[in-house]
>>> print(open('final_26.txt').read())   # compact mmCIF, C-alpha atoms
# COMPACT_ATOMS: atom_id res chain seq x y z
CA MET A 1 53.69 122.62 115.62
CA GLU A 2 52.83 119.64 113.42
CA SER A 3 55.60 120.46 110.92
CA LEU A 4 58.13 120.62 113.78
CA ALA A 5 57.02 117.15 114.91
CA HIS A 6 57.40 115.83 111.36
CA ALA A 7 60.86 117.36 111.04
CA SER A 8 61.87 115.84 114.38
CA PHE A 9 60.56 112.44 113.31
CA PHE A 10 62.48 112.50 110.03
CA SER A 11 65.65 113.65 111.76
CA SER A 12 65.39 110.84 114.30
CA LEU A 13 65.15 108.30 111.48
CA LEU A 14 68.76 109.02 110.54
CA GLY A 15 69.91 108.18 114.05
CA ILE A 16 67.71 105.10 114.24
CA SER A 17 68.90 103.86 110.84
CA ALA A 18 72.50 104.17 112.04
CA ILE A 19 72.06 101.29 114.47
CA PRO A 20 71.27 98.53 111.96
CA GLY A 21 73.41 100.22 109.29
CA LEU A 22 76.57 100.12 111.39
CA ALA A 23 75.89 96.67 112.83
CA VAL A 24 75.00 94.96 109.55
CA THR A 25 77.79 96.61 107.57
CA GLY A 26 80.33 95.80 110.27
CA TRP A 27 79.28 92.15 110.28
CA VAL A 28 79.29 91.85 106.47
CA SER A 29 82.60 93.71 106.25
CA ASP A 30 84.29 91.35 108.69
CA ARG A 31 82.96 88.28 106.87
CA LEU A 32 84.21 89.61 103.51
CA ALA A 33 87.62 90.43 104.97
CA ARG A 34 87.94 86.94 106.48
CA GLY A 35 87.02 85.46 103.10
CA ASP A 36 89.73 87.44 101.25
CA LYS A 37 87.17 89.61 99.46
CA GLY A 38 88.33 92.80 101.16
CA ARG A 39 86.22 95.69 102.38
CA LYS A 40 86.39 98.25 99.60
CA GLY A 41 83.84 96.52 97.38
CA LEU A 42 81.26 96.65 100.17
CA ILE A 43 82.01 100.30 100.85
CA ALA A 44 81.71 101.16 97.15
CA MET A 45 78.42 99.23 96.88
CA GLU A 46 77.07 101.12 99.88
CA PHE A 47 78.03 104.41 98.21
CA PHE A 48 76.19 103.33 95.07
CA LEU A 49 73.13 102.33 97.12
CA MET A 50 73.36 105.63 98.99
CA ALA A 51 73.32 107.38 95.62
CA LEU A 52 70.31 105.36 94.50
CA PHE A 53 68.32 106.24 97.60
CA MET A 54 69.30 109.91 97.36
CA MET A 55 68.08 109.93 93.76
CA LEU A 56 64.83 108.27 94.82
CA LEU A 57 64.41 110.77 97.66
CA GLY A 58 64.91 113.64 95.22
CA TYR A 59 62.39 112.16 92.82
CA GLY A 60 59.96 111.40 95.65
CA LEU A 61 60.15 114.98 96.83
CA GLN A 62 59.55 116.22 93.30
CA VAL A 63 56.45 114.08 92.69
CA LYS A 64 55.20 114.30 96.31
CA MET A 65 55.23 110.53 96.79
CA ASN A 66 53.37 108.66 99.49
CA VAL A 67 54.81 109.63 102.88
CA ALA A 68 55.18 106.01 104.08
CA LEU A 69 57.29 105.17 101.03
CA TYR A 70 59.29 108.37 101.51
CA VAL A 71 59.95 107.44 105.16
CA PHE A 72 61.19 104.02 104.03
CA LEU A 73 63.52 105.59 101.43
CA PHE A 74 64.79 108.07 104.03
CA PHE A 75 65.51 105.23 106.46
CA MET A 76 67.34 103.22 103.79
CA ALA A 77 69.43 106.23 102.78
CA GLY A 78 70.42 106.66 106.42
CA PHE A 79 71.23 102.95 106.68
CA PHE A 80 73.88 103.31 103.96
CA ILE A 81 75.03 106.82 104.94
CA TRP A 82 75.89 105.56 108.42
CA GLY A 83 76.60 101.93 107.58
CA HIS A 84 79.64 102.41 105.41
CA TRP A 85 81.60 103.91 108.32
CA ALA A 86 81.99 100.51 110.01
CA ALA A 87 83.78 99.06 107.00
CA PHE A 88 85.59 102.28 106.13
CA TYR A 89 87.31 102.67 109.49
CA ALA A 90 88.18 98.96 109.52
CA LEU A 91 89.76 99.34 106.06
CA LEU A 92 92.23 102.07 107.01
CA PRO A 93 94.40 99.99 109.40
CA ASP A 94 94.49 97.22 106.79
CA MET A 95 96.01 99.59 104.25
CA VAL A 96 98.29 102.14 105.90
CA PRO A 97 101.46 101.56 107.90
CA TYR A 98 100.91 101.59 111.66
CA GLU A 99 103.36 104.50 112.04
CA ILE A 100 101.02 106.86 110.15
CA LEU A 101 97.66 105.43 111.22
CA GLY A 102 96.87 108.38 113.52
CA THR A 103 97.71 110.87 110.77
CA THR A 104 95.58 108.90 108.32
CA PHE A 105 92.58 108.91 110.67
CA GLY A 106 93.08 112.63 111.30
CA LEU A 107 93.32 113.48 107.60
CA THR A 108 90.32 111.30 106.81
CA ASN A 109 88.22 112.97 109.51
CA THR A 110 89.36 116.41 108.35
CA ILE A 111 88.15 115.67 104.82
CA HIS A 112 84.83 114.32 106.13
CA PHE A 113 84.24 117.28 108.42
CA LEU A 114 85.04 119.75 105.64
CA GLY A 115 82.40 117.96 103.56
CA SER A 116 79.91 118.22 106.42
CA LEU A 117 80.54 121.97 106.58
CA LEU A 118 80.26 122.53 102.82
CA ALA A 119 77.29 120.25 102.11
CA PRO A 120 74.56 122.34 103.80
CA TRP A 121 75.77 125.53 102.13
CA THR A 122 76.03 123.86 98.75
CA THR A 123 72.62 122.23 99.11
CA GLY A 124 71.07 125.56 100.09
CA TRP A 125 72.70 127.27 97.13
CA VAL A 126 71.45 124.56 94.76
CA LYS A 127 67.94 124.89 96.22
CA ASP A 128 68.06 128.67 95.73
CA VAL A 129 69.24 128.33 92.13
CA THR A 130 66.83 125.55 91.14
CA ALA A 131 63.92 126.41 93.48
CA SER A 132 63.82 122.72 94.43
CA PHE A 133 65.43 120.77 97.24
CA SER A 134 65.35 117.70 94.96
CA TRP A 135 68.38 118.96 93.08
CA GLY A 136 70.40 119.01 96.31
CA LEU A 137 69.58 115.33 96.69
CA TYR A 138 70.51 114.68 93.06
CA LEU A 139 73.85 116.43 93.61
CA SER A 140 74.43 114.26 96.69
CA ALA A 141 73.71 111.19 94.56
CA LEU A 142 76.26 112.36 92.00
CA PHE A 143 78.96 112.82 94.64
CA SER A 144 78.10 109.45 96.21
CA THR A 145 78.47 107.77 92.82
CA LEU A 146 81.83 109.45 92.23
CA GLY A 147 82.91 108.43 95.74
CA GLY A 148 81.92 104.82 95.07
CA ILE A 149 83.98 104.78 91.88
CA LEU A 150 86.95 106.30 93.71
CA ILE A 151 86.71 103.75 96.54
CA PHE A 152 86.39 100.86 94.09
CA SER A 153 89.62 102.02 92.44
CA VAL A 154 91.64 101.15 95.58
CA ARG A 155 94.24 98.45 94.78
CA PRO A 156 93.38 95.93 93.44
CA SER A 157 91.18 98.16 91.32
CA PHE A 158 87.61 97.21 90.43
CA VAL A 159 87.72 93.66 91.80
CA PHE A 160 86.50 92.15 95.03
CA GLY A 161 89.78 91.21 96.65
CA ARG A 162 91.85 91.95 99.72
CA GLU A 163 93.23 95.47 99.54
CA ARG A 164 96.99 95.87 99.23
CA PRO A 165 98.68 97.77 102.03
CA ILE A 166 100.49 100.98 101.18
CA SER A 167 104.21 100.42 101.73
>>> encode(input="final_26.txt", output="structure tokens")
Amino acid sequence: MESLAHASFFSSLLGISAIPGLAVTGWVSDRLARGDKGRKGLIAMEFFLMALFMMLLGYGLQVKMNVALYVFLFFMAGFFIWGHWAAFYALLPDMVPYEILGTTFGLTNTIHFLGSLLAPWTTGWVKDVTASFSWGLYLSALFSTLGGILIFSVRPSFVFGRERPIS
């Protein structure tokens, strides 16, 4: 019963971390957009921070780190996992023509939901192959890093500036 309580506690941390993650990222995103810095740089930085915390979680699991520190890392990972959505969904209408905004949201959600269906299977397969859940976290960090690079390549590429709409 104790392990079920621990699992429930850790799971609830993701939901709890969503609240400040979404609020803080939304606020920062709006301030950057008003200051002509754009949103993509923030989103990319959050992906890189997500990757960092996933790496630290994988390492912490491997070395059996102090549970209080692990809980903090878990919370911070959730902060960035959830937080980037506020800026991401605000970025789309800034970039795509209004006439295809619904299609863009639909395609974006389709890609995200496909990822949410594949990730558990892939993580389980990686755990089976490596005999360690840490490698699933490392793989998540790799994909988060690649995602951050891809997001940062949105026009204008690799600078903090207002994104250019697709014409």
>>> residues_around(input="final_26.txt", residues="Met54 in chain A", least_positions_apart="6", cutoff="8 Å", atoms="all atoms listed in the file", output="PyMOL selection string")
chain A and resi 77+137-138+140-141
>>> closest_residue(input="final_26.txt", among="A:Gln62, A:Ser116, A:Thr103, A:Thr110", to="Ser134 in chain A", atoms="only C-alpha atoms")
A:Gln62
>>> residues_near_point(input="final_26.txt", point="(70.2, 108.5, 99.1)", cutoff="9 Å", atoms="all atoms listed in the file", output="ChimeraX atom specification")
/A:47-58,73-74,76-78,80-81,137-138,140-141,144
>>> closest_residue(input="final_26.txt", among="A:Leu142, A:Ala44, A:Val24, A:Leu13", to="Val159 in chain A", atoms="all atoms listed in the file")
A:Ala44
>>> closest_residue(input="final_26.txt", among="A:Trp85, A:Trp121, A:Phe9, A:Tyr70", to="Gly26 in chain A", atoms="only C-alpha atoms")
A:Trp85
>>> decode(input="final_26.txt", residues="range 92-155 of chain A", atoms="C-alpha atoms", output="mmCIF file, in the first residue's frame")
data_model
loop_
_atom_site.group_PDB
_atom_site.id
_atom_site.type_symbol
_atom_site.label_atom_id
_atom_site.label_comp_id
_atom_site.auth_asym_id
_atom_site.auth_seq_id
_atom_site.Cartn_x
_atom_site.Cartn_y
_atom_site.Cartn_z
ATOM 1 C CA LEU A 92 0.734 29.372 -33.447
ATOM 2 C CA PRO A 93 -1.747 32.211 -34.164
ATOM 3 C CA ASP A 94 1.195 34.602 -34.482
ATOM 4 C CA MET A 95 2.682 32.491 -37.252
ATOM 5 C CA VAL A 96 -0.005 30.866 -39.370
ATOM 6 C CA PRO A 97 -2.695 32.509 -41.485
ATOM 7 C CA TYR A 98 -6.065 32.734 -39.746
ATOM 8 C CA GLU A 99 -7.687 30.670 -42.528
ATOM 9 C CA ILE A 100 -5.683 27.570 -41.546
ATOM 10 C CA LEU A 101 -5.434 28.111 -37.790
ATOM 11 C CA GLY A 102 -7.921 25.320 -36.980
ATOM 12 C CA THR A 103 -6.061 22.885 -39.227
ATOM 13 C CA THR A 104 -2.767 23.920 -37.637
ATOM 14 C CA PHE A 105 -4.099 23.323 -34.117
ATOM 15 C CA GLY A 106 -5.539 19.982 -35.214
ATOM 16 C CA LEU A 107 -2.302 18.835 -36.848
ATOM 17 C CA THR A 108 -0.275 20.012 -33.867
ATOM 18 C CA ASN A 109 -2.503 18.118 -31.437
ATOM 19 C CA THR A 110 -2.402 15.024 -33.652
ATOM 20 C CA ILE A 111 1.398 15.017 -33.537
ATOM 21 C CA HIS A 112 1.394 15.532 -29.760
ATOM 22 C CA PHE A 113 -1.137 12.790 -29.133
ATOM 23 C CA LEU A 114 0.772 10.354 -31.349
ATOM 24 C CA GLY A 115 3.824 11.109 -29.211
ATOM 25 C CA SER A 116 1.818 10.471 -26.044
ATOM 26 C CA LEU A 117 0.774 7.086 -27.423
ATOM 27 C CA LEU A 118 4.274 6.078 -28.541
ATOM 28 C CA ALA A 119 6.247 7.356 -25.532
ATOM 29 C CA PRO A 120 5.054 4.783 -22.956
ATOM 30 C CA TRP A 121 5.667 1.894 -25.339
ATOM 31 C CA THR A 122 9.082 3.202 -26.318
ATOM 32 C CA THR A 123 10.045 3.853 -22.704
ATOM 33 C CA GLY A 124 8.947 0.347 -21.726
ATOM 34 C CA TRP A 125 10.924 -1.154 -24.590
ATOM 35 C CA VAL A 126 14.025 0.838 -23.606
ATOM 36 C CA LYS A 127 13.612 -0.298 -19.985
ATOM 37 C CA ASP A 128 13.321 -3.922 -21.113
ATOM 38 C CA VAL A 129 16.415 -3.657 -23.315
ATOM 39 C CA THR A 130 18.577 -1.777 -20.801
ATOM 40 C CA ALA A 131 17.068 -3.150 -17.552
ATOM 41 C CA SER A 132 16.905 0.444 -16.312
ATOM 42 C CA PHE A 133 14.163 3.059 -16.406
ATOM 43 C CA SER A 134 16.906 5.717 -16.385
ATOM 44 C CA TRP A 135 17.547 5.159 -20.070
ATOM 45 C CA GLY A 136 13.927 6.016 -20.864
ATOM 46 C CA LEU A 137 14.500 9.344 -19.140
ATOM 47 C CA TYR A 138 17.759 9.832 -21.044
ATOM 48 C CA LEU A 139 15.938 9.143 -24.325
ATOM 49 C CA SER A 140 13.292 11.699 -23.340
ATOM 50 C CA ALA A 141 16.078 14.211 -22.689
ATOM 51 C CA LEU A 142 17.519 13.528 -26.137
ATOM 52 C CA PHE A 143 14.161 14.112 -27.839
ATOM 53 C CA SER A 144 13.578 17.259 -25.763
ATOM 54 C CA THR A 145 16.967 18.605 -26.841
ATOM 55 C CA LEU A 146 16.226 17.870 -30.490
ATOM 56 C CA GLY A 147 12.808 19.517 -30.089
ATOM 57 C CA GLY A 148 14.411 22.623 -28.580
ATOM 58 C CA ILE A 149 16.811 22.886 -31.518
ATOM 59 C CA LEU A 150 13.946 22.453 -33.974
ATOM 60 C CA ILE A 151 11.842 25.123 -32.239
ATOM 61 C CA PHE A 152 14.777 27.533 -32.098
ATOM 62 C CA SER A 153 15.162 27.147 -35.862
ATOM 63 C CA VAL A 154 11.794 28.871 -36.469
ATOM 64 C CA ARG A 155 12.294 32.083 -38.502
#
